[in-house]
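Everything on this sheet refers to the single structure shown next.
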Amino acid sequence: MDINRKLFLGRSGLGFGSLALSTILEGAELGMNGLIRVAPKAKSVIWLFMRGGVSHMESFDPKPALNELAGKSIGDTRFKYVQDPEHLKKVRVVVVNDANGRQRNKLYPLQVGYKKYGQSGIEVSDWFPNIGSCIDDIAVIRSMWTTDDNHGAQVQFHSGRHMLDPRVPTIGAWVNWGLGTLNENLPQFIGMGPRFFDRSDGHYLGPAYDEVKLKIDPKNPLDYAKPQGDITVEEQRLGFGLVNRLNLLSQSRYPDDAKLDARIKSYELAYRMQTSVPGVVNFDKETEATKKLYGFDQNETRPFGQQLLAARRFVERGVRFIQIMHGGGAAGAWDQHSNLKSGHAKLAMQVDRPVAGLLKDLKSRGLLEETLVVFATEFGRTPGSQSSNGRDHHPYAFSVWMAGGGIKGGVIHGATDDIGFHPTENPHYVTDVHATLLHQLGLDPHSMEVPGHKRLEKDFGHPIQNIIA
Amino acid sequence: MDIRLGIFLVLISSVISVAEEKKPGSAEHNEDYDEVKSLLAAKCYSCHGALKQKAKLRLDTRDLMLKGEVIVPGQATKSLLIERVEDMGEDRMPPLEDGAALNPEEIALLRRWIDSGAKAPAGEPVPLGPSEHWAFKAPKRSVLPGNNANPIDILLEKSRAKLGLKMQAQPERTILIRRLYLDLIGLPPTHKQLHDTRAWESIVDELLASPQHGERWARHWMDVWRYSDWYGLDKQLRNSQKHIWRWRDWIVQSLNNDKGYDSMIQEMLAADELAPSDPSAIRATGFLARNYYLFNRTTWLDATIEHTAKAFIGLTLNCAKCHDHKYDPITHEDYYRFRAIFEPHQVRLDPVPGETDFEKDGLPRVFDDHLDAPTHLHIRGDPKNPDKSHIMEPGVPGILADFAPLVESVKLPAYAYAPASRNYVQKDRLDPVRTEVETVKKELTEARKKAVETPKEEPKPKSEKETSPEQHQPQFTFKDDFGKPNPELWELIGKGWEYKGGAVHQTNATRDTDRLILRSQVPRDFEMTCNYTHTGGATYKSVTFRFDVSADRKYANYVYTSAHAPQPKLQVAYSRGGKSTYPSQGLVAQPIEIGKLYTMRIAVRDRLVNVWLNNKFQIAYLLPDRKSSGKLELSGFDATVAFNDFSVRSLPSEVELTNTKNKEPPPDLKPIDSVEVYEAKLAAAEAKLASSQAIFTAEQARGNANAYKQASKRAALLEAKALKAAGKYESKAFATDAGKVKAAQAKIAKAEKKLTETDKATYTPPRVSKKALETPAHKEEQYPSTYPTTSTGRRLALARWITSPKNPLTSRVIVNHVWLRHFGEPLVETVDDFGLRAKPPVQQILLDHLAANFIENGWSFRNLHRLIVTSETYRLSSNPTGANAKTKAADPDNQFYWRMNVQRMDSQVIRDSLLHLAGTLNLTLGGPSLNPDNAVRRRSIYFKHSRDQQDKFLKTFNDADHLQCYRRSESIVPQQALALSNGKVPIEMAEKIAGLVNSEDFVGMVFELLLGRRPDVAERRECETTLADLEAAAIEAKKPNATQRARRGLVHALLNHNDFVSIR
């Protein structure tokens, strides 16, 4: 029997299929929705997403050939083949005749230098020196690809599906769906930062699996966190208390009312969230050293640093999935069609120190082994220049990295050709990142399916075995 | 007990119970066969089953596999089935382009099954062909006993009786009345209404006739039909249409008038063909206009195809975009024939009476524009790969096409294809022209009066004022190194100025007009240099150099650098009449750093400005105009600055400035103020009026070829005359500007040419409607202002096919939707898919009877609602407690409706209920969508609803997904608890409700008002205790009106009671 046959809590109640009973007894845990978790390494995920498209050749996949060939047209170099229409046809266009997402032929030199870091000697661009200093904990994947040449690719990276397909749950929603909660006082899926194309996560799983959106503001971290009227703390306590007691009385009038039971629980959790959530985003108890580590001392790094410190605190309290989006604007601030140098330099400055701080902080507290950190973007940028000093969207190849949660450190997986156009080894579609993540959490995507919403092989992806320790 | 042991035991028992369910006499039943069937269904049935029989082979029963000679029981290796699934080359099954190969486990399963004898249960039924599908056969009415009992009760009781199910009793009447009110009008009953003693049917009829009924049910249909207000990026419209609220009004009004559902469908799909002169019906085509998408026509039409099919006939046509449908008898060609129905249509905004500005109001609607636009099949669904070898003709899916009407072209009236022919349009367009004539008459009178009163002056031609008499001005130089304050040289406005370190600092980052004004008059043509540093600031961090500043500061020209984070820049800009313009041609993106020293050099000669930063040339810009005297100022905006030194001098004539490459901005010239000019202006205005009148007369003559010809000629003539008169006026009014004079003379020449072409001359049809851009590369002006005089009739034919009494799907789909929204569960689970995967519903007989009945009663919603809510079944208790044990065991999921289902209020009902109970709900019907705001008191249906705009409170309680919402989801999450207990609206309304309830039995009254029943002893005790505690708490906190405050607290708590949002 297939041990991964799904268990689904449908509208009509629990439905069990046949199972290899021995597996249950062999130390696997029962997760949410009856899923079996097998040998999980990670408990939580911190998902860092740079919106707009980070240039892979000027971040984690430096390409010195671009300097040699600067100013030359691709067609005049030994890389002419990269633009063969056969190699380009996988892209599915949303905006017909867009000004962006075109072939850019004139090779643009690297706008920043790079160095080797750590014992592993992995090359990282000079815009990310602090992350570079943590490279021995990081697995860099240089061979990602996607099929949207425009920013719908953000939806694609999070859900595995092109934005013109019907919306499906994001990886955060699946993790939320699949795992049990570790903390009775906090929501287990938290989100911070701007979103535009797709503002919810759960879709057909239902809004219960959406992120709970937060701001770093202890006075007002989440919607409706405090009474929007003149109600004292005591009055609120009495009110919640009465609601609770009356609903409990209702249980004898309506036994077996699952919704009533769920509502009682939701009110109890809500009451606790009012104090627990602001408490987590209040950093008074953190040391100055810690705050400095996350870049609180610098205007540019403070906002992102606060979000990451909050993420670490949430992880400590057992929150499962924290997704933080960086880069405002509809398209995403990293989208440098022009002024790549100044734009990326500025944005990299905002994230480099805080991210390194997060990794170091997690490590020193012994949390890195159980916390999977993902650093991603929706696509890369073209080797050729756009408007004299920018790069265009490049879905054919880009880089992401992962750290912690049982991922190997100091390794590179996958590679691109010397101008960073196509992957040359181990190409990975975005769902391979999802599959890797789920694997570390002990979940099998094949068991994560809901009746009426068939998922295909490309939705499940394959874990990237090479980077799993 | 250890949880794992507990699970173990549960699993053991479930496995055992599963085993017990196996059929008796199943000696031949092999566990593997179930799995084999699942596998083959997923990988093979779409081509080798009931749907299609490629190579004449079926695999959907064992016997068929034997018949097809693909399995040899006992010998997998000899079986063709195994051979084909193991083939790695072109003979592979499934074929290489149709799906992934079977994996090793799956092949092992097949081998095992075949090798062990290929066993299957005896008498395996052959799945029926698609034409036998229950939903493709016409729904039948049942024969019912002659009494007047409700068919729902009769049919359900019949099937309940078979299973021995006992219905629950009715709940308290107040609970029933609450349920009825919330269902039919979406508002809770008042006390008086709760205790209404009239017959049930009378209350039902009253509610069905109330305008609030249309509003409540409009929201349901807006879910299904995907209502969305327009959205895009900033001001760019990319999705849906502006003013689409008019479609919403049509929905509400149609429901309130009990318009037949068939008429509603026909109007939504083809009102422009059915009733082309009826704007009230044409509003309905908002259903199609909503799908508009600026960037991609295929994406737009894909949405149209998908959701027209899902909403009205419950078929997933969208699955056939790339290949034949895998489960339903819908082919790849069917998809593109369906697309061809919509290929010609586009969207436009028609004018509405009284408004000519389409930003303010308009009527979004569809029309056939490109009548011959070809539809091609997209190979594998790729729009880049159309099959141009043949054109797809419009058509409906072949499986149900036998009652499809022929497509007939529709001839349109002028009202439809020439909106300028409409009476109200003529009035709205001519009124301002008439007014202009009157205005100019007054101006002329004034000018004549003035000419008489004032002595004649030598008019100073403007050009003289504009020439820069550099030669008359002495050479001017000025310098300041800001080593020390120099109040006689500079006027300091504002508090933050400090002299230190050899510079003058502005230490206050404000948006106020803190500035340094140079007291001396700077020459008109000048060159200034300033060394300065941005030292910080808030958002914009701008350092500004202003010149020509008028005394009232409403006029200025300026240059500034801004260190604003996302877009640092250098900008040339100007203010006129207090309004600032930041021309894009005056902008240079420039990284500006805090703490870096900059040298700004500005040279101005006449209107030409050149700017250098740090000795690098930045930009040349031509200002619209200059004032001859004005001050020069230095300032910061949202910035702290340090000015190190400053110098300015007359611009030497030998200094060459770079010219602008860009077009000059239109100079803001004023016309010459003279009687002659006003006379010409009046002549032009009157000529324009005559021309406009003639043009509109011609428009109204459309439809009569001769009359139109005559009227066109006259209109062309008068239009040319008006052009000439305009040219004459402009050449007089702007006589000083050579450019304008030239343009005016060109007008006159053009007009005169037209006047000679009497036979060929045509007039310009007025542009009174606004077509939506087909792509961002187009400009609206390039589209014709009149439209095709016929429509293809394709959408009308489609609508007639959908609403044909022979269509087995339409009435079933809608009855199912209505049933779902009354009973909380649908009769058919997959509300948007009645295809082959939808098994016959348990209550098919009931569904079919209601569907047939629906058609026979003119597709009346009101009739259907009445039938449902007057049934006994509708009035059963939702509480299963005390139910007969056998009933509970036999039908735990209530598929036979032996009780009611509890539903939660939709988000709109929750909010409306809060406002209604508090007496603050504004029941005004209809109108434009409102911005989400806690202060709004209209019904929630009127909030803006799109991807980018939604009310937060509504969103928290599962608002409709604008992309697809055939069934609202319902969740129970802590965010809802927070919203209802901490939200502004619930708190405010709690206070108002508490104030309205005036009774000795406050607790009882409020409990009943909010929850629909009186409290029992325990509940009452809890409430009274808490009431007292709340009062004590208020007094303790020294809050005024403790009693009233406590009452507010009680009401607020009851609003959060499970039974407030639950409809029991």
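Each chain in the structure tokens gets a letter, A, B, ..., in the order shown, and its residues are numbered from 1; ligands are numbered from 1 in order too.
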So which residues touch stretch 400-412 of chain B within 9 Å, counting only C-alpha atoms, skipping near sequence neighbours fewer than 6 positions away, as a PDB file with N, CA and C atoms, in the first residue's frame?
ATOM      1  N   SER B 131     -23.488  10.870 -23.944  1.00  0.00           N
ATOM      2  CA  SER B 131     -24.861  11.307 -24.172  1.00  0.00           C
ATOM      3  C   SER B 131     -25.817  10.720 -23.147  1.00  0.00           C
ATOM      4  N   PHE B 136     -26.937  15.698 -19.144  1.00  0.00           N
ATOM      5  CA  PHE B 136     -27.129  16.075 -20.547  1.00  0.00           C
ATOM      6  C   PHE B 136     -28.516  15.681 -21.042  1.00  0.00           C
ATOM      7  N   ASP B 272     -26.969  44.225 -26.525  1.00  0.00           N
ATOM      8  CA  ASP B 272     -26.666  45.151 -27.610  1.00  0.00           C
ATOM      9  C   ASP B 272     -27.238  44.666 -28.930  1.00  0.00           C
ATOM     10  N   GLU B 273     -27.543  43.351 -29.006  1.00  0.00           N
ATOM     11  CA  GLU B 273     -28.150  42.825 -30.235  1.00  0.00           C
ATOM     12  C   GLU B 273     -29.664  42.691 -30.064  1.00  0.00           C
ATOM     13  N   LEU B 274     -30.067  42.438 -28.841  1.00  0.00           N
ATOM     14  CA  LEU B 274     -31.475  42.199 -28.543  1.00  0.00           C
ATOM     15  C   LEU B 274     -32.247  43.501 -28.393  1.00  0.00           C
ATOM     16  N   PRO B 276     -30.924  47.066 -28.815  1.00  0.00           N
ATOM     17  CA  PRO B 276     -29.812  47.999 -29.034  1.00  0.00           C
ATOM     18  C   PRO B 276     -30.100  49.448 -28.677  1.00  0.00           C
ATOM     19  N   SER B 277     -31.400  49.814 -28.542  1.00  0.00           N
ATOM     20  CA  SER B 277     -31.698  51.202 -28.184  1.00  0.00           C
ATOM     21  C   SER B 277     -32.098  51.357 -26.731  1.00  0.00           C
ATOM     22  N   PRO B 394     -18.229  30.131 -35.435  1.00  0.00           N
ATOM     23  CA  PRO B 394     -18.815  30.155 -34.087  1.00  0.00           C
ATOM     24  C   PRO B 394     -19.718  28.954 -33.871  1.00  0.00           C
ATOM     25  N   PRO B 788     -19.750  49.665 -36.320  1.00  0.00           N
ATOM     26  CA  PRO B 788     -20.405  48.896 -37.380  1.00  0.00           C
ATOM     27  C   PRO B 788     -21.924  48.947 -37.279  1.00  0.00           C
ATOM     28  N   THR B 789     -22.570  48.975 -38.432  1.00  0.00           N
ATOM     29  CA  THR B 789     -24.024  49.140 -38.434  1.00  0.00           C
ATOM     30  C   THR B 789     -24.759  47.827 -38.237  1.00  0.00           C
ATOM     31  N   THR B 790     -24.019  46.730 -38.223  1.00  0.00           N
ATOM     32  CA  THR B 790     -24.652  45.447 -37.883  1.00  0.00           C
ATOM     33  C   THR B 790     -23.835  44.764 -36.802  1.00  0.00           C
ATOM     34  N   SER B 791     -24.475  43.811 -36.173  1.00  0.00           N
ATOM     35  CA  SER B 791     -23.778  42.985 -35.200  1.00  0.00           C
ATOM     36  C   SER B 791     -23.867  41.551 -35.692  1.00  0.00           C
ATOM     37  N   THR B 792     -22.911  40.717 -35.355  1.00  0.00           N
ATOM     38  CA  THR B 792     -22.869  39.388 -35.962  1.00  0.00           C
ATOM     39  C   THR B 792     -24.007  38.481 -35.508  1.00  0.00           C
ATOM     40  N   GLY B 793     -24.595  38.763 -34.363  1.00  0.00           N
ATOM     41  CA  GLY B 793     -25.665  37.894 -33.885  1.00  0.00           C
ATOM     42  C   GLY B 793     -25.170  36.631 -33.210  1.00  0.00           C
ATOM     43  N   ARG B 794     -23.844  36.505 -33.076  1.00  0.00           N
ATOM     44  CA  ARG B 794     -23.319  35.266 -32.496  1.00  0.00           C
ATOM     45  C   ARG B 794     -23.679  35.153 -31.016  1.00  0.00           C
ATOM     46  N   ARG B 795     -23.523  36.245 -30.301  1.00  0.00           N
ATOM     47  CA  ARG B 795     -23.797  36.165 -28.865  1.00  0.00           C
ATOM     48  C   ARG B 795     -25.281  35.964 -28.598  1.00  0.00           C
ATOM     49  N   LEU B 796     -26.104  36.524 -29.459  1.00  0.00           N
ATOM     50  CA  LEU B 796     -27.543  36.324 -29.286  1.00  0.00           C
ATOM     51  C   LEU B 796     -27.898  34.861 -29.504  1.00  0.00           C
ATOM     52  N   ALA B 797     -27.283  34.266 -30.523  1.00  0.00           N
ATOM     53  CA  ALA B 797     -27.537  32.842 -30.772  1.00  0.00           C
ATOM     54  C   ALA B 797     -27.065  32.009 -29.575  1.00  0.00           C
ATOM     55  N   LEU B 798     -25.914  32.357 -29.033  1.00  0.00           N
ATOM     56  CA  LEU B 798     -25.411  31.632 -27.864  1.00  0.00           C
ATOM     57  C   LEU B 798     -26.396  31.761 -26.708  1.00  0.00           C
ATOM     58  N   ARG B 800     -29.524  32.367 -26.769  1.00  0.00           N
ATOM     59  CA  ARG B 800     -30.764  31.624 -27.014  1.00  0.00           C
ATOM     60  C   ARG B 800     -30.543  30.131 -26.834  1.00  0.00           C
ATOM     61  N   TRP B 801     -29.343  29.678 -27.172  1.00  0.00           N
ATOM     62  CA  TRP B 801     -29.045  28.251 -26.955  1.00  0.00           C
ATOM     63  C   TRP B 801     -29.000  27.942 -25.461  1.00  0.00           C
ATOM     64  N   ILE B 802     -28.359  28.829 -24.708  1.00  0.00           N
ATOM     65  CA  ILE B 802     -28.250  28.604 -23.267  1.00  0.00           C
ATOM     66  C   ILE B 802     -29.631  28.604 -22.624  1.00  0.00           C
ATOM     67  N   SER B 804     -32.497  28.001 -24.047  1.00  0.00           N
ATOM     68  CA  SER B 804     -33.509  27.179 -24.701  1.00  0.00           C
ATOM     69  C   SER B 804     -34.120  26.226 -23.677  1.00  0.00           C
ATOM     70  N   LYS B 806     -34.753  23.451 -24.172  1.00  0.00           N
ATOM     71  CA  LYS B 806     -34.142  22.141 -24.434  1.00  0.00           C
ATOM     72  C   LYS B 806     -32.782  21.994 -23.770  1.00  0.00           C
ATOM     73  N   ASN B 807     -32.234  23.092 -23.259  1.00  0.00           N
ATOM     74  CA  ASN B 807     -30.910  22.984 -22.666  1.00  0.00           C
ATOM     75  C   ASN B 807     -31.017  22.334 -21.283  1.00  0.00           C
ATOM     76  N   PRO B 808     -30.405  21.160 -21.133  1.00  0.00           N
ATOM     77  CA  PRO B 808     -30.589  20.409 -19.887  1.00  0.00           C
ATOM     78  C   PRO B 808     -29.793  20.968 -18.719  1.00  0.00           C
TER      79      PRO B 808
END
Contacts of chain B with chain A up to 8 Å, shortest pair per row, only C-alpha atoms, as CSV:
residue,atom,partner,partner_atom,distance
B:Arg4,CA,A:Leu25,CA,7.4
B:Phe8,CA,A:Leu21,CA,7.3
B:Leu11,CA,A:Phe16,CA,7.5
B:Ser14,CA,A:Phe16,CA,7.2
B:Val15,CA,A:Ser18,CA,6.3
B:Leu233,CA,A:Ala330,CA,7.6
B:Phe295,CA,A:Val95,CA,4.9
B:Asn296,CA,A:Val96,CA,5.7
B:Thr299,CA,A:Leu164,CA,7.5
B:Pro591,CA,A:Ser342,CA,7.5
B:Asn879,CA,A:Tyr254,CA,6.5
B:Pro880,CA,A:Tyr254,CA,7.7
B:Thr881,CA,A:Tyr254,CA,6.5
B:Asp893,CA,A:Ser12,CA,6.6
B:Asn958,CA,A:Pro207,CA,7.2
B:Ser969,CA,A:Gly206,CA,6.5
B:Glu970,CA,A:Gly206,CA,7.7
B:Ser971,CA,A:Ala208,CA,5.9
B:Ile972,CA,A:Arg263,CA,6.1
B:Val973,CA,A:Ser266,CA,5.6
B:Pro974,CA,A:Ser266,CA,4.6
B:Gln975,CA,A:Ala270,CA,6.8
B:Ala977,CA,A:Tyr267,CA,5.5
B:Leu978,CA,A:Tyr224,CA,5.5
B:Ala979,CA,A:Tyr224,CA,5.4
B:Ser981,CA,A:Pro227,CA,7.1
B:Asn982,CA,A:Pro227,CA,3.9
B:Gly983,CA,A:Gln228,CA,5.6
B:Lys984,CA,A:Gln228,CA,4.9
B:Ile987,CA,A:Gly229,CA,6.6
B:Glu988,CA,A:Gly229,CA,7.7
B:Ala1018,CA,A:Leu249,CA,7.9
B:Glu1019,CA,A:Leu246,CA,6.3
B:Glu1022,CA,A:Leu242,CA,7.0
B:Cys1023,CA,A:Leu242,CA,7.2
B:Thr1026,CA,A:Leu238,CA,6.8
B:Asp1029,CA,A:Leu238,CA,7.6
B:Leu1030,CA,A:Glu235,CA,6.2
B:Ala1033,CA,A:Glu235,CA,6.7
B:Ala1034,CA,A:Glu235,CA,7.7
B:Gly1049,CA,A:Gly239,CA,6.5
B:Leu1050,CA,A:Gly239,CA,7.1
B:His1052,CA,A:Gly239,CA,7.5
B:Ala1053,CA,A:Gly239,CA,5.2
B:Leu1054,CA,A:Val243,CA,6.9
B:Asn1056,CA,A:Val243,CA,6.5
B:His1057,CA,A:Val243,CA,5.7
B:Asn1058,CA,A:Asn247,CA,6.5
Just want the 10 Å neighbourhood of stretch 351-354 of chain A, counted on only C-alpha atoms, with same-chain residues fewer than 6 positions away dropped. Output as an MDAnalysis selection string. chainID A and resid 48 50 127:132 291:296 298 300:309 326 360
So that I can check the surroundings of B:Ser712, please list as a list in words every protein, DNA and RNA residue that reaches within 12 Å of it, counting only C-alpha atoms and ignoring chain neighbours fewer than 6 positions away.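 Non-adjacent residues within range: Ser691, Ser692, Gln693, Ala694, Ile695, Phe696, Thr697, Ala698, Glu699, Gln700, Ala701, Arg702, Asn704, Ala705, Asn706, Leu718, Glu719, Thr758, Asp759, Lys760, Ala761, Thr762, Tyr763, Thr764 and Pro765 of chain B.
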Nearest to A:Gln386, chosen from A:Gly71, A:Gly191, A:Gly410, A:Gly152, with only C-alpha atoms counted in the distances: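 Between A:Gly71, A:Gly191, A:Gly410, A:Gly152, the residue approaching A:Gln386 most closely is A:Gly71.
For the set B:Val396, B:Cys322, B:Leu846, B:Met264, the residue with the smallest atom-to-atom gap to B:Glu157 is B:Leu846, counting only C-alpha atoms.
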Name the residues of stretch 897-1062 of chain B that fall into strand (DSSP E or B) according to DSSP on the backbone, using the chain letters and numbers of this document, as an MDAnalysis selection string. chainID B and resid 903:904 922 930 938 943 1062
Residues within 10 Å of B:Arg219, please, as a ChimeraX atom specification. Count only C-alpha atoms; anything in the same chain fewer than 2 positions from it doesn't count. /B:186,214-217,221-225,227,248,251-252,906,908-909,940-942,960
Residue list (helix (DSSP H, G or I), DSSP) for stretch 914-1050 of chain B, as JSON, numbers by chain: {"B": [914, 915, 916, 917, 940, 941, 942, 952, 953, 954, 955, 956, 974, 975, 976, 977, 978, 979, 980, 981, 982, 984, 985, 986, 987, 988, 989, 990, 991, 992, 993, 994, 995, 996, 1002, 1003, 1004, 1005, 1006, 1007, 1008, 1009, 1010, 1011, 1017, 1018, 1019, 1020, 1021, 1022, 1023, 1024, 1025, 1026, 1027, 1028, 1029, 1030, 1031, 1032, 1033, 1034, 1035, 1036, 1042, 1043, 1044, 1045, 1046, 1047, 1048, 1049, 1050]}
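For B:Asp91, the residues within 12 Å (counting only C-alpha atoms, excluding itself and residues fewer than 5 positions away along the chain) are B:Leu80, B:Leu81, B:Ile82, B:Glu83, B:Arg84, B:Val85, B:Glu86, B:Leu96, B:Glu97, B:Ala101.
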Determine, counting only C-alpha atoms, which protein, DNA and RNA residues have an atom within 12 Å of an atom of stretch 73-78 of chain A; residues of the same chain fewer than 3 positions away are not included. Present the result as a list in words.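 Contacts, with the query itself left out: Ala65, Leu66, Glu68, Leu69, Ala70, Tyr81, Val82, Gln83, Asp84, Gln103, Arg104, Asn105, Lys106, Leu107, Tyr108, Thr382, Pro383, Gly384, Ser385, Asp417, Asp418, Ile419, Gly420 and Phe421 of chain A.
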